There are 2 protein chains.
Amino acid sequence: MATDTSQRILDIAERLVQTRGFNGFSYADIAGSLKVTKASLHYHFPAKADLGQRLIERYERNFLAALEKIDASGKDAREKLRRYAAIYEEVLRADRMCLCGMLAAEYGTLPKPMRDEMRHFFDANERWLVRVLQEGRKAKVLRFSGTPAEAAQTLIGALEGAMMIARSYGDVARFKAVGDRVLEGLNA
Amino acid sequence: MATDTSQRILDIAERLVQTRGFNGFSYADIAGSLKVTKASLHYHFPAKADLGQRLIERYERNFLAALEKIDASGKDAREKLRRYAAIYEEVLRADRMCLCGMLAAEYGTLPKPMRDEMRHFFDANERWLVRVLQEGRKAKVLRFSGTPAEAAQTLIGALEGAMMIARSYGDVARFKAVGDRVLEGLNA
DNA sequence: GTCTATAGGTGGATAGAC
DNA sequence: GTCTATCCACCTATAGAC
(Lines give C-alpha, C1' and ligand atoms only; values in the text may rest on other atoms or scores of the structure.)
Protein backbone atom coordinates (compact mmCIF):
# COMPACT_ATOMS: atom_id res chain seq x y z
CA MET A 1 0.00 0.00 0.00
CA ALA A 2 0.99 3.63 -0.32
CA THR A 3 1.45 4.45 3.34
CA ASP A 4 3.28 1.40 4.63
CA THR A 5 6.39 1.73 6.75
CA SER A 6 8.88 1.70 3.88
CA GLN A 7 7.06 4.58 2.22
CA ARG A 8 6.92 6.56 5.43
CA ILE A 9 10.65 6.05 5.92
CA LEU A 10 11.23 7.27 2.38
CA ASP A 11 9.02 10.30 2.97
CA ILE A 12 11.01 11.36 6.01
CA ALA A 13 14.38 10.57 4.45
CA GLU A 14 13.42 12.49 1.34
CA ARG A 15 12.67 15.60 3.33
CA LEU A 16 15.94 15.23 5.27
CA VAL A 17 18.04 14.86 2.11
CA GLN A 18 16.29 17.80 0.47
CA THR A 19 16.93 20.06 3.46
CA ARG A 20 20.17 18.75 4.98
CA GLY A 21 21.78 16.56 2.33
CA PHE A 22 22.55 12.85 2.27
CA ASN A 23 25.55 13.35 4.58
CA GLY A 24 23.55 15.67 6.81
CA PHE A 25 21.16 13.20 8.39
CA SER A 26 21.32 9.82 10.13
CA TYR A 27 19.11 6.82 10.77
CA ALA A 28 18.62 8.27 14.25
CA ASP A 29 16.91 11.32 12.70
CA ILE A 30 14.44 9.15 10.81
CA ALA A 31 13.88 6.92 13.84
CA GLY A 32 13.11 9.98 15.97
CA SER A 33 10.61 11.31 13.44
CA LEU A 34 8.90 7.98 12.84
CA LYS A 35 9.08 6.84 16.48
CA VAL A 36 10.69 3.52 15.73
CA THR A 37 14.21 2.30 16.53
CA LYS A 38 17.18 2.52 14.23
CA ALA A 39 17.28 -1.28 14.02
CA SER A 40 13.80 -1.31 12.47
CA LEU A 41 14.97 0.97 9.72
CA HIS A 42 17.76 -1.42 8.84
CA TYR A 43 15.15 -4.12 8.30
CA HIS A 44 13.62 -2.04 5.49
CA PHE A 45 16.85 -0.56 4.16
CA PRO A 46 19.89 -2.63 5.24
CA ALA A 47 22.41 0.09 4.42
CA LYS A 48 22.07 3.84 4.06
CA ALA A 49 23.25 3.51 0.47
CA ASP A 50 20.22 1.29 -0.26
CA LEU A 51 17.93 3.90 1.20
CA GLY A 52 19.61 6.58 -0.88
CA GLN A 53 19.24 4.64 -4.08
CA ARG A 54 15.57 3.83 -3.52
CA LEU A 55 15.03 7.48 -2.67
CA ILE A 56 16.29 8.65 -6.04
CA GLU A 57 14.34 5.97 -7.91
CA ARG A 58 11.10 7.03 -6.28
CA TYR A 59 11.84 10.72 -6.73
CA GLU A 60 12.45 10.22 -10.44
CA ARG A 61 9.27 8.18 -10.84
CA ASN A 62 7.21 10.90 -9.19
CA PHE A 63 8.95 13.62 -11.15
CA LEU A 64 8.38 11.88 -14.48
CA ALA A 65 4.74 11.32 -13.54
CA ALA A 66 4.40 15.08 -13.04
CA LEU A 67 5.95 15.66 -16.46
CA GLU A 68 3.47 13.25 -18.02
CA LYS A 69 0.67 15.26 -16.46
CA ILE A 70 2.11 18.36 -18.11
CA ASP A 71 2.18 16.53 -21.44
CA ALA A 72 -1.42 15.44 -20.96
CA SER A 73 -2.51 19.04 -20.42
CA GLY A 74 -2.27 19.63 -24.17
CA LYS A 75 -0.88 23.14 -23.61
CA ASP A 76 1.76 24.61 -25.90
CA ALA A 77 5.49 24.19 -25.28
CA ARG A 78 5.84 27.61 -23.70
CA GLU A 79 3.22 26.80 -21.08
CA LYS A 80 4.76 23.37 -20.53
CA LEU A 81 8.07 24.99 -19.64
CA ARG A 82 6.31 27.36 -17.26
CA ARG A 83 4.78 24.38 -15.50
CA TYR A 84 8.14 22.64 -15.46
CA ALA A 85 9.66 25.62 -13.64
CA ALA A 86 6.63 25.74 -11.35
CA ILE A 87 7.52 22.27 -10.05
CA TYR A 88 10.86 23.58 -8.87
CA GLU A 89 9.17 26.58 -7.33
CA GLU A 90 6.82 24.41 -5.31
CA VAL A 91 9.70 22.36 -3.96
CA LEU A 92 11.50 25.53 -2.92
CA ARG A 93 8.34 26.88 -1.32
CA ALA A 94 8.43 23.81 0.95
CA ASP A 95 11.93 24.97 2.00
CA ARG A 96 13.49 22.10 0.09
CA MET A 97 16.09 21.72 -2.60
CA CYS A 98 15.63 19.41 -5.58
CA LEU A 99 16.71 15.99 -4.31
CA CYS A 100 19.12 15.44 -7.17
CA GLY A 101 20.45 18.99 -7.12
CA MET A 102 21.35 18.34 -3.51
CA LEU A 103 23.01 15.04 -4.37
CA ALA A 104 24.92 16.65 -7.24
CA ALA A 105 26.72 18.78 -4.66
CA GLU A 106 27.54 15.69 -2.61
CA TYR A 107 28.59 13.74 -5.68
CA GLY A 108 32.15 13.26 -4.45
CA THR A 109 31.00 11.28 -1.41
CA LEU A 110 28.18 9.20 -2.93
CA PRO A 111 28.33 5.44 -3.55
CA LYS A 112 28.33 4.54 -7.24
CA PRO A 113 24.73 3.26 -7.43
CA MET A 114 23.49 6.63 -6.16
CA ARG A 115 25.70 8.50 -8.62
CA ASP A 116 24.29 6.49 -11.49
CA GLU A 117 20.66 6.96 -10.41
CA MET A 118 21.23 10.69 -9.97
CA ARG A 119 22.57 11.13 -13.47
CA HIS A 120 19.71 9.04 -14.78
CA PHE A 121 17.34 11.61 -13.28
CA PHE A 122 19.07 14.47 -15.06
CA ASP A 123 19.20 12.51 -18.30
CA ALA A 124 15.46 11.85 -18.14
CA ASN A 125 14.82 15.53 -17.41
CA GLU A 126 16.94 16.51 -20.38
CA ARG A 127 15.14 14.12 -22.71
CA TRP A 128 11.77 15.55 -21.73
CA LEU A 129 12.97 19.12 -22.16
CA VAL A 130 14.54 18.35 -25.52
CA ARG A 131 11.21 17.04 -26.74
CA VAL A 132 9.31 20.10 -25.50
CA LEU A 133 11.92 22.48 -26.88
CA GLN A 134 11.77 20.85 -30.31
CA GLU A 135 7.99 20.92 -30.22
CA GLY A 136 8.04 24.60 -29.30
CA ARG A 137 10.52 25.51 -31.99
CA LYS A 138 8.49 23.71 -34.61
CA ALA A 139 5.32 25.51 -33.46
CA LYS A 140 7.26 28.80 -33.50
CA VAL A 141 6.44 29.62 -29.86
CA LEU A 142 10.03 28.96 -28.73
CA ARG A 143 13.35 30.05 -30.13
CA PHE A 144 16.91 29.22 -29.10
CA SER A 145 20.40 28.94 -30.54
CA GLY A 146 22.46 25.75 -30.41
CA THR A 147 21.11 22.26 -30.02
CA PRO A 148 17.96 21.42 -28.05
CA ALA A 149 20.20 19.37 -25.71
CA GLU A 150 22.35 22.42 -24.94
CA ALA A 151 19.29 24.54 -24.32
CA ALA A 152 17.86 21.84 -22.05
CA GLN A 153 21.09 21.55 -20.06
CA THR A 154 21.22 25.31 -19.69
CA LEU A 155 17.67 25.40 -18.39
CA ILE A 156 18.21 22.58 -15.89
CA GLY A 157 21.41 24.16 -14.60
CA ALA A 158 19.88 27.61 -14.32
CA LEU A 159 16.88 26.35 -12.36
CA GLU A 160 18.92 24.11 -10.06
CA GLY A 161 21.45 26.85 -9.38
CA ALA A 162 18.86 29.57 -8.84
CA MET A 163 16.98 27.26 -6.53
CA MET A 164 20.00 26.48 -4.41
CA ILE A 165 21.00 30.09 -3.95
CA ALA A 166 17.46 31.35 -3.42
CA ARG A 167 17.03 28.78 -0.66
CA SER A 168 20.06 30.23 1.14
CA TYR A 169 18.33 33.59 1.10
CA GLY A 170 14.97 32.12 2.09
CA ASP A 171 13.66 34.03 -0.91
CA VAL A 172 11.27 32.24 -3.27
CA ALA A 173 10.63 35.47 -5.18
CA ARG A 174 14.29 35.57 -6.11
CA PHE A 175 13.94 32.14 -7.72
CA LYS A 176 10.76 33.13 -9.48
CA ALA A 177 12.33 36.26 -10.96
CA VAL A 178 15.27 34.26 -12.30
CA GLY A 179 13.04 31.47 -13.62
CA ASP A 180 10.81 33.95 -15.46
CA ARG A 181 13.86 35.61 -17.01
CA VAL A 182 15.27 32.31 -18.22
CA LEU A 183 11.96 31.20 -19.76
CA GLU A 184 11.50 34.62 -21.33
CA GLY A 185 14.83 34.13 -23.10
CA LEU A 186 13.34 31.13 -24.90
CA ASN A 187 10.27 32.90 -26.27
CA ALA A 188 10.02 33.22 -30.03
CA MET B 1 53.95 34.43 5.63
CA ALA B 2 51.95 32.85 2.83
CA THR B 3 52.87 29.20 3.40
CA ASP B 4 52.70 28.91 7.17
CA THR B 5 50.78 26.08 8.78
CA SER B 6 47.45 27.90 8.99
CA GLN B 7 47.54 28.61 5.28
CA ARG B 8 48.45 25.03 4.44
CA ILE B 9 45.56 23.82 6.57
CA LEU B 10 43.24 26.17 4.73
CA ASP B 11 44.57 24.98 1.36
CA ILE B 12 43.81 21.36 2.17
CA ALA B 13 40.47 22.11 3.80
CA GLU B 14 39.46 24.24 0.83
CA ARG B 15 40.08 21.40 -1.58
CA LEU B 16 38.17 19.01 0.66
CA VAL B 17 35.13 21.28 0.93
CA GLN B 18 35.14 21.94 -2.81
CA THR B 19 35.22 18.23 -3.61
CA ARG B 20 33.39 16.58 -0.68
CA GLY B 21 31.49 19.34 1.09
CA PHE B 22 31.83 20.76 4.60
CA ASN B 23 30.06 17.73 6.08
CA GLY B 24 32.08 15.37 3.91
CA PHE B 25 35.50 15.73 5.51
CA SER B 26 37.00 15.60 8.99
CA TYR B 27 40.03 16.95 10.83
CA ALA B 28 41.50 13.48 10.39
CA ASP B 29 41.50 13.98 6.61
CA ILE B 30 43.45 17.23 6.91
CA ALA B 31 45.81 15.72 9.47
CA GLY B 32 46.53 12.82 7.16
CA SER B 33 47.27 15.10 4.23
CA LEU B 34 49.41 17.52 6.21
CA LYS B 35 51.08 14.83 8.34
CA VAL B 36 50.31 16.43 11.67
CA THR B 37 47.93 15.30 14.40
CA LYS B 38 44.32 16.35 14.73
CA ALA B 39 45.19 18.11 18.00
CA SER B 40 47.57 20.44 16.15
CA LEU B 41 44.79 21.52 13.85
CA HIS B 42 42.68 22.53 16.82
CA TYR B 43 45.46 24.88 17.91
CA HIS B 44 45.05 26.83 14.66
CA PHE B 45 41.27 26.45 14.32
CA PRO B 46 39.67 25.56 17.67
CA ALA B 47 36.40 24.40 16.14
CA LYS B 48 35.50 23.20 12.67
CA ALA B 49 33.07 26.10 12.38
CA ASP B 50 36.01 28.51 12.84
CA LEU B 51 37.88 26.77 10.05
CA GLY B 52 34.82 26.96 7.83
CA GLN B 53 34.34 30.65 8.44
CA ARG B 54 37.98 31.54 7.77
CA LEU B 55 37.80 29.38 4.65
CA ILE B 56 34.98 31.43 3.17
CA GLU B 57 36.63 34.73 4.14
CA ARG B 58 39.84 33.78 2.34
CA TYR B 59 37.97 32.38 -0.65
CA GLU B 60 36.04 35.61 -1.05
CA ARG B 61 39.20 37.73 -0.73
CA ASN B 62 40.92 35.71 -3.44
CA PHE B 63 37.85 35.77 -5.64
CA LEU B 64 37.45 39.53 -5.35
CA ALA B 65 41.15 39.96 -6.11
CA ALA B 66 40.61 38.03 -9.34
CA LEU B 67 37.68 40.30 -10.19
CA GLU B 68 39.86 43.36 -9.60
CA LYS B 69 42.38 41.94 -12.04
CA ILE B 70 39.60 41.65 -14.58
CA ASP B 71 38.66 45.27 -13.95
CA ALA B 72 42.28 46.31 -14.35
CA SER B 73 42.45 44.62 -17.76
CA GLY B 74 40.54 47.54 -19.27
CA LYS B 75 38.59 45.17 -21.54
CA ASP B 76 34.95 45.79 -22.39
CA ALA B 77 32.07 44.41 -20.31
CA ARG B 78 31.47 41.51 -22.66
CA GLU B 79 35.05 40.30 -22.28
CA LYS B 80 34.90 40.86 -18.53
CA LEU B 81 31.95 38.48 -18.29
CA ARG B 82 33.79 35.94 -20.38
CA ARG B 83 36.69 36.08 -17.93
CA TYR B 84 34.27 35.86 -15.03
CA ALA B 85 32.89 32.61 -16.42
CA ALA B 86 36.43 31.43 -17.12
CA ILE B 87 37.16 31.55 -13.38
CA TYR B 88 34.37 29.04 -12.77
CA GLU B 89 35.65 26.89 -15.60
CA GLU B 90 39.14 26.74 -14.13
CA VAL B 91 37.76 25.64 -10.75
CA LEU B 92 35.76 22.90 -12.45
CA ARG B 93 38.78 21.84 -14.46
CA ALA B 94 40.48 21.14 -11.11
CA ASP B 95 37.56 18.79 -10.33
CA ARG B 96 36.22 21.22 -7.77
CA MET B 97 32.95 22.98 -7.15
CA CYS B 98 32.76 26.66 -6.23
CA LEU B 99 33.30 26.71 -2.46
CA CYS B 100 30.18 28.75 -1.83
CA GLY B 101 28.07 26.82 -4.33
CA MET B 102 28.95 23.74 -2.34
CA LEU B 103 28.08 25.42 0.95
CA ALA B 104 24.79 26.68 -0.48
CA ALA B 105 23.71 23.06 -0.83
CA GLU B 106 24.69 22.38 2.78
CA TYR B 107 23.05 25.57 3.99
CA GLY B 108 20.61 23.72 6.25
CA THR B 109 23.41 22.28 8.37
CA LEU B 110 25.80 25.24 8.54
CA PRO B 111 26.46 27.33 11.66
CA LYS B 112 25.18 30.90 11.37
CA PRO B 113 28.58 32.59 10.91
CA MET B 114 29.24 30.41 7.87
CA ARG B 115 25.80 31.12 6.45
CA ASP B 116 26.38 34.84 6.76
CA GLU B 117 29.83 34.71 5.17
CA MET B 118 28.50 32.60 2.33
CA ARG B 119 25.77 35.05 1.48
CA HIS B 120 28.28 37.86 1.71
CA PHE B 121 30.25 36.13 -1.04
CA PHE B 122 27.22 35.96 -3.33
CA ASP B 123 26.29 39.57 -2.52
CA ALA B 124 29.79 40.74 -3.45
CA ASN B 125 29.62 38.73 -6.69
CA GLU B 126 26.29 40.26 -7.52
CA ARG B 127 27.55 43.81 -6.88
CA TRP B 128 30.50 43.28 -9.21
CA LEU B 129 28.29 41.80 -11.92
CA VAL B 130 25.74 44.59 -11.60
CA ARG B 131 28.49 47.12 -12.19
CA VAL B 132 29.81 45.28 -15.25
CA LEU B 133 26.31 44.73 -16.64
CA GLN B 134 25.47 48.42 -16.29
CA GLU B 135 28.76 49.35 -17.88
CA GLY B 136 28.08 46.99 -20.78
CA ARG B 137 24.56 48.21 -21.31
CA LYS B 138 25.74 51.81 -21.37
CA ALA B 139 28.46 50.93 -23.88
CA LYS B 140 25.87 49.04 -25.93
CA VAL B 141 27.83 45.79 -25.91
CA LEU B 142 25.38 44.10 -23.54
CA ARG B 143 21.62 43.94 -23.53
CA PHE B 144 19.19 42.42 -21.03
CA SER B 145 15.66 42.83 -19.77
CA GLY B 146 14.79 43.48 -16.15
CA THR B 147 17.09 45.00 -13.56
CA PRO B 148 20.86 44.51 -13.56
CA ALA B 149 20.46 42.76 -10.20
CA GLU B 150 18.08 40.21 -11.69
CA ALA B 151 20.40 39.62 -14.62
CA ALA B 152 23.32 39.20 -12.21
CA GLN B 153 21.43 36.71 -10.05
CA THR B 154 20.44 34.77 -13.14
CA LEU B 155 24.03 34.59 -14.29
CA ILE B 156 25.38 33.47 -10.91
CA GLY B 157 22.70 30.82 -10.57
CA ALA B 158 23.19 29.53 -14.10
CA LEU B 159 26.95 29.21 -13.69
CA GLU B 160 26.76 27.60 -10.24
CA GLY B 161 24.09 25.17 -11.35
CA ALA B 162 25.80 24.25 -14.60
CA MET B 163 29.03 23.76 -12.72
CA MET B 164 27.50 21.43 -10.18
CA ILE B 165 25.82 19.23 -12.74
CA ALA B 166 28.77 19.22 -15.14
CA ARG B 167 30.98 18.04 -12.30
CA SER B 168 28.70 15.05 -11.76
CA TYR B 169 29.26 14.12 -15.39
CA GLY B 170 32.99 14.84 -15.22
CA ASP B 171 32.36 16.98 -18.29
CA VAL B 172 33.96 20.42 -18.42
CA ALA B 173 32.84 20.87 -22.03
CA ARG B 174 29.25 20.63 -20.88
CA PHE B 175 29.82 23.56 -18.53
CA LYS B 176 31.58 25.55 -21.21
CA ALA B 177 28.74 25.05 -23.69
CA VAL B 178 26.19 26.25 -21.15
CA GLY B 179 28.35 29.17 -20.05
CA ASP B 180 28.83 30.33 -23.64
CA ARG B 181 25.09 30.11 -24.26
CA VAL B 182 24.28 32.18 -21.19
CA LEU B 183 26.81 34.87 -22.05
CA GLU B 184 25.61 34.90 -25.65
CA GLY B 185 22.14 35.73 -24.37
CA LEU B 186 23.52 38.96 -22.91
CA ASN B 187 25.11 40.23 -26.11
CA ALA B 188 23.71 43.44 -27.60
C1' DG C 1 53.28 24.63 18.06
C1' DT C 2 53.07 19.93 18.12
C1' DC C 3 52.59 15.84 20.46
C1' DT C 4 50.06 11.65 23.24
C1' DA C 5 46.14 10.37 25.29
C1' DT C 6 41.53 10.49 25.99
C1' DA C 7 36.93 12.12 26.73
C1' DG C 8 32.18 12.04 25.21
C1' DG C 9 29.32 11.60 21.60
C1' DT C 10 27.31 9.86 17.24
C1' DG C 11 27.79 7.24 12.96
C1' DG C 12 26.10 2.88 10.42
C1' DA C 13 25.28 -1.71 11.21
C1' DT C 14 24.33 -6.56 13.43
C1' DA C 15 22.59 -10.43 16.69
C1' DG C 16 19.02 -12.41 18.64
C1' DA C 17 14.64 -12.21 21.56
C1' DC C 18 9.78 -11.39 20.95
C1' DG D 1 8.53 -6.32 11.79
C1' DT D 2 10.00 -4.28 15.79
C1' DC D 3 12.45 -4.44 19.80
C1' DT D 4 16.93 -4.32 23.24
C1' DA D 5 21.51 -4.54 23.41
C1' DT D 6 25.75 -3.99 21.60
C1' DC D 7 29.87 -3.39 18.40
C1' DC D 8 33.27 -0.69 16.51
C1' DA D 9 34.70 2.98 13.77
C1' DC D 10 34.71 7.66 13.53
C1' DC D 11 33.67 12.36 15.00
C1' DT D 12 34.84 16.98 17.34
C1' DA D 13 37.20 18.62 20.99
C1' DT D 14 40.22 19.08 25.28
C1' DA D 15 44.06 18.31 28.83
C1' DG D 16 48.53 18.46 29.63
C1' DA D 17 53.46 17.02 28.55
C1' DC D 18 57.27 18.44 25.65
# chains A, B, ... in the order shown; residues from 1 in each chain; ligands from 1
>>> closest_atom_pairs(of="chain A", to="chain C", cutoff="9 Å", atoms="only C-alpha atoms (C1' of nucleotides)", output="JSON lines")
{"residue": "A:Ser26", "atom": "CA", "partner": "C:DG11", "partner_atom": "C1'", "distance": 7.5}
{"residue": "A:Tyr27", "atom": "CA", "partner": "C:DG12", "partner_atom": "C1'", "distance": 8.0}
{"residue": "A:Ala39", "atom": "CA", "partner": "C:DA13", "partner_atom": "C1'", "distance": 8.5}
{"residue": "A:His42", "atom": "CA", "partner": "C:DA13", "partner_atom": "C1'", "distance": 7.9}
{"residue": "A:Pro46", "atom": "CA", "partner": "C:DA13", "partner_atom": "C1'", "distance": 8.1}
{"residue": "A:Ala47", "atom": "CA", "partner": "C:DG12", "partner_atom": "C1'", "distance": 7.6}
{"residue": "A:Lys48", "atom": "CA", "partner": "C:DG12", "partner_atom": "C1'", "distance": 7.6}
>>> closest_atom_pairs(of="chain A", to="chain B", cutoff="8 Å", atoms="only C-alpha atoms", output="CSV")
residue,atom,partner,partner_atom,distance
A:Thr19,CA,B:Gly108,CA,5.9
A:Arg20,CA,B:Gly108,CA,5.1
A:Gly21,CA,B:Glu106,CA,6.5
A:Asn23,CA,B:Asn23,CA,6.5
A:Gly24,CA,B:Thr109,CA,6.8
A:Met97,CA,B:Ala105,CA,7.9
A:Gly101,CA,B:Ile165,CA,7.8
A:Met102,CA,B:Ala105,CA,5.9
A:Ala104,CA,B:Ser168,CA,6.1
A:Ala105,CA,B:Met102,CA,5.9
A:Glu106,CA,B:Arg20,CA,6.2
A:Tyr107,CA,B:Ser168,CA,6.2
A:Gly108,CA,B:Arg20,CA,5.2
A:Thr109,CA,B:Arg20,CA,5.9
A:Arg115,CA,B:Ser168,CA,7.9
A:Arg119,CA,B:Ser168,CA,7.5
A:Ser145,CA,B:Arg181,CA,7.9
A:Gly146,CA,B:Arg181,CA,8.0
A:Glu150,CA,B:Val178,CA,6.6
A:Ala151,CA,B:Val178,CA,7.8
A:Gln153,CA,B:Val178,CA,7.0
A:Thr154,CA,B:Val178,CA,5.3
A:Ile156,CA,B:Gly161,CA,7.9
A:Gly157,CA,B:Gly161,CA,4.3
A:Ala158,CA,B:Ala158,CA,3.8
A:Leu159,CA,B:Ala158,CA,7.3
A:Glu160,CA,B:Gly161,CA,5.4
A:Gly161,CA,B:Gly161,CA,3.7
A:Ala162,CA,B:Gly157,CA,4.4
A:Met163,CA,B:Gly157,CA,7.9
A:Met164,CA,B:Ala105,CA,6.2
A:Ile165,CA,B:Ala104,CA,6.2
A:Ser168,CA,B:Ala104,CA,6.1
A:Tyr169,CA,B:Arg119,CA,7.6
A:Ala177,CA,B:Glu150,CA,7.0
A:Val178,CA,B:Thr154,CA,5.3
A:Arg181,CA,B:Thr154,CA,7.7
A:Val182,CA,B:Thr154,CA,7.7
A:Gly185,CA,B:Gly185,CA,7.6
>>> atom_distance(atom1="CA of Arg127 (chain A)", atom2="CA of Thr147 (chain A)")
12.5 Å
>>> select_by_dssp(residues="chain B", states="helix (DSSP H, G or I)", output="MDAnalysis selection string")
chainID B and resid 5:20 22:24 27:34 38:44 48:72 77:93 99:105 107:109 112:138 148:168 172:184
>>> residues_around(residues="region 29-35 of chain B", least_positions_apart="5", cutoff="8 Å", atoms="only C-alpha atoms (C1' of nucleotides)", output="list in words")
Arg8, Ile9, Ile12, Ala13 and Leu41 of chain B
>>> write_last_selection(atoms="N, CA, C and O atoms", output="CSV table (one decimal), in the first residue's frame")
chain,number,residue,atom,x,y,z
B,8,ARG,N,48.4,26.4,5.0
B,8,ARG,CA,48.4,25.0,4.4
B,8,ARG,C,47.2,24.3,4.9
B,8,ARG,O,46.7,23.5,4.1
B,9,ILE,N,46.8,24.5,6.1
B,9,ILE,CA,45.6,23.8,6.6
B,9,ILE,C,44.4,24.3,5.7
B,9,ILE,O,43.6,23.5,5.3
B,12,ILE,N,44.3,22.7,2.2
B,12,ILE,CA,43.8,21.4,2.2
B,12,ILE,C,42.3,21.3,2.5
B,12,ILE,O,41.6,20.6,1.8
B,13,ALA,N,41.9,22.1,3.5
B,13,ALA,CA,40.5,22.1,3.8
B,13,ALA,C,39.6,22.6,2.6
B,13,ALA,O,38.5,22.2,2.4
B,41,LEU,N,45.7,20.7,14.6
B,41,LEU,CA,44.8,21.5,13.8
B,41,LEU,C,43.9,22.4,14.7
B,41,LEU,O,43.6,23.5,14.4
>>> interface_residues(of="chain D", to="chain B", cutoff="12 Å", atoms="only C-alpha atoms (C1' of nucleotides)", output="PDB file with N, CA and C atoms (P, O5', C5', C4', C3', O3' and C1' of nucleotides), in the first residue's frame")
ATOM      1  P    DC D  10      37.570   4.101  10.791  1.00  0.00           P
ATOM      2  O5'  DC D  10      36.884   5.498  11.152  1.00  0.00           O
ATOM      3  C5'  DC D  10      35.619   5.827  10.590  1.00  0.00           C
ATOM      4  C4'  DC D  10      35.031   6.953  11.389  1.00  0.00           C
ATOM      5  C3'  DC D  10      35.958   8.154  11.542  1.00  0.00           C
ATOM      6  O3'  DC D  10      35.524   9.161  10.632  1.00  0.00           O
ATOM      7  C1'  DC D  10      34.705   7.659  13.533  1.00  0.00           C
ATOM      8  P    DC D  11      36.255  10.556  10.605  1.00  0.00           P
ATOM      9  O5'  DC D  11      35.470  11.476  11.634  1.00  0.00           O
ATOM     10  C5'  DC D  11      34.062  11.678  11.476  1.00  0.00           C
ATOM     11  C4'  DC D  11      33.532  12.449  12.671  1.00  0.00           C
ATOM     12  C3'  DC D  11      34.403  13.621  13.086  1.00  0.00           C
ATOM     13  O3'  DC D  11      34.014  14.780  12.370  1.00  0.00           O
ATOM     14  C1'  DC D  11      33.671  12.355  15.001  1.00  0.00           C
ATOM     15  P    DT D  12      34.985  16.021  12.334  1.00  0.00           P
ATOM     16  O5'  DT D  12      34.765  16.735  13.745  1.00  0.00           O
ATOM     17  C5'  DT D  12      33.485  17.236  14.084  1.00  0.00           C
ATOM     18  C4'  DT D  12      33.482  17.647  15.544  1.00  0.00           C
ATOM     19  C3'  DT D  12      34.435  18.795  15.866  1.00  0.00           C
ATOM     20  O3'  DT D  12      33.709  19.763  16.618  1.00  0.00           O
ATOM     21  C1'  DT D  12      34.841  16.981  17.341  1.00  0.00           C
ATOM     22  P    DA D  13      34.432  21.169  17.016  1.00  0.00           P
ATOM     23  O5'  DA D  13      35.180  20.830  18.373  1.00  0.00           O
ATOM     24  C5'  DA D  13      34.410  20.347  19.481  1.00  0.00           C
ATOM     25  C4'  DA D  13      35.342  19.909  20.593  1.00  0.00           C
ATOM     26  C3'  DA D  13      36.453  20.905  20.956  1.00  0.00           C
ATOM     27  O3'  DA D  13      36.116  21.530  22.179  1.00  0.00           O
ATOM     28  C1'  DA D  13      37.203  18.620  20.994  1.00  0.00           C
ATOM     29  P    DT D  14      37.107  22.615  22.830  1.00  0.00           P
ATOM     30  O5'  DT D  14      37.929  21.729  23.870  1.00  0.00           O
ATOM     31  C5'  DT D  14      37.216  20.880  24.773  1.00  0.00           C
ATOM     32  C4'  DT D  14      38.196  20.151  25.667  1.00  0.00           C
ATOM     33  C3'  DT D  14      39.304  21.023  26.270  1.00  0.00           C
ATOM     34  O3'  DT D  14      39.320  20.791  27.670  1.00  0.00           O
ATOM     35  C1'  DT D  14      40.221  19.081  25.281  1.00  0.00           C
ATOM     36  P    DA D  15      40.225  21.731  28.617  1.00  0.00           P
ATOM     37  O5'  DA D  15      41.282  20.685  29.215  1.00  0.00           O
ATOM     38  C5'  DA D  15      40.863  19.354  29.526  1.00  0.00           C
ATOM     39  C4'  DA D  15      42.055  18.551  30.035  1.00  0.00           C
ATOM     40  C3'  DA D  15      43.131  19.397  30.737  1.00  0.00           C
ATOM     41  O3'  DA D  15      43.641  18.638  31.838  1.00  0.00           O
ATOM     42  C1'  DA D  15      44.064  18.315  28.834  1.00  0.00           C
TER      43       DA D  15
END
>>> residues_around(residues="region 51-64 of chain B", least_positions_apart="6", cutoff="9 Å", atoms="only C-alpha atoms (C1' of nucleotides)", output="number ranges by chain")
B: 9-11, 13-14, 17, 22, 44-45, 87, 99-100, 113-115, 117-118, 120-121, 124-125, 128
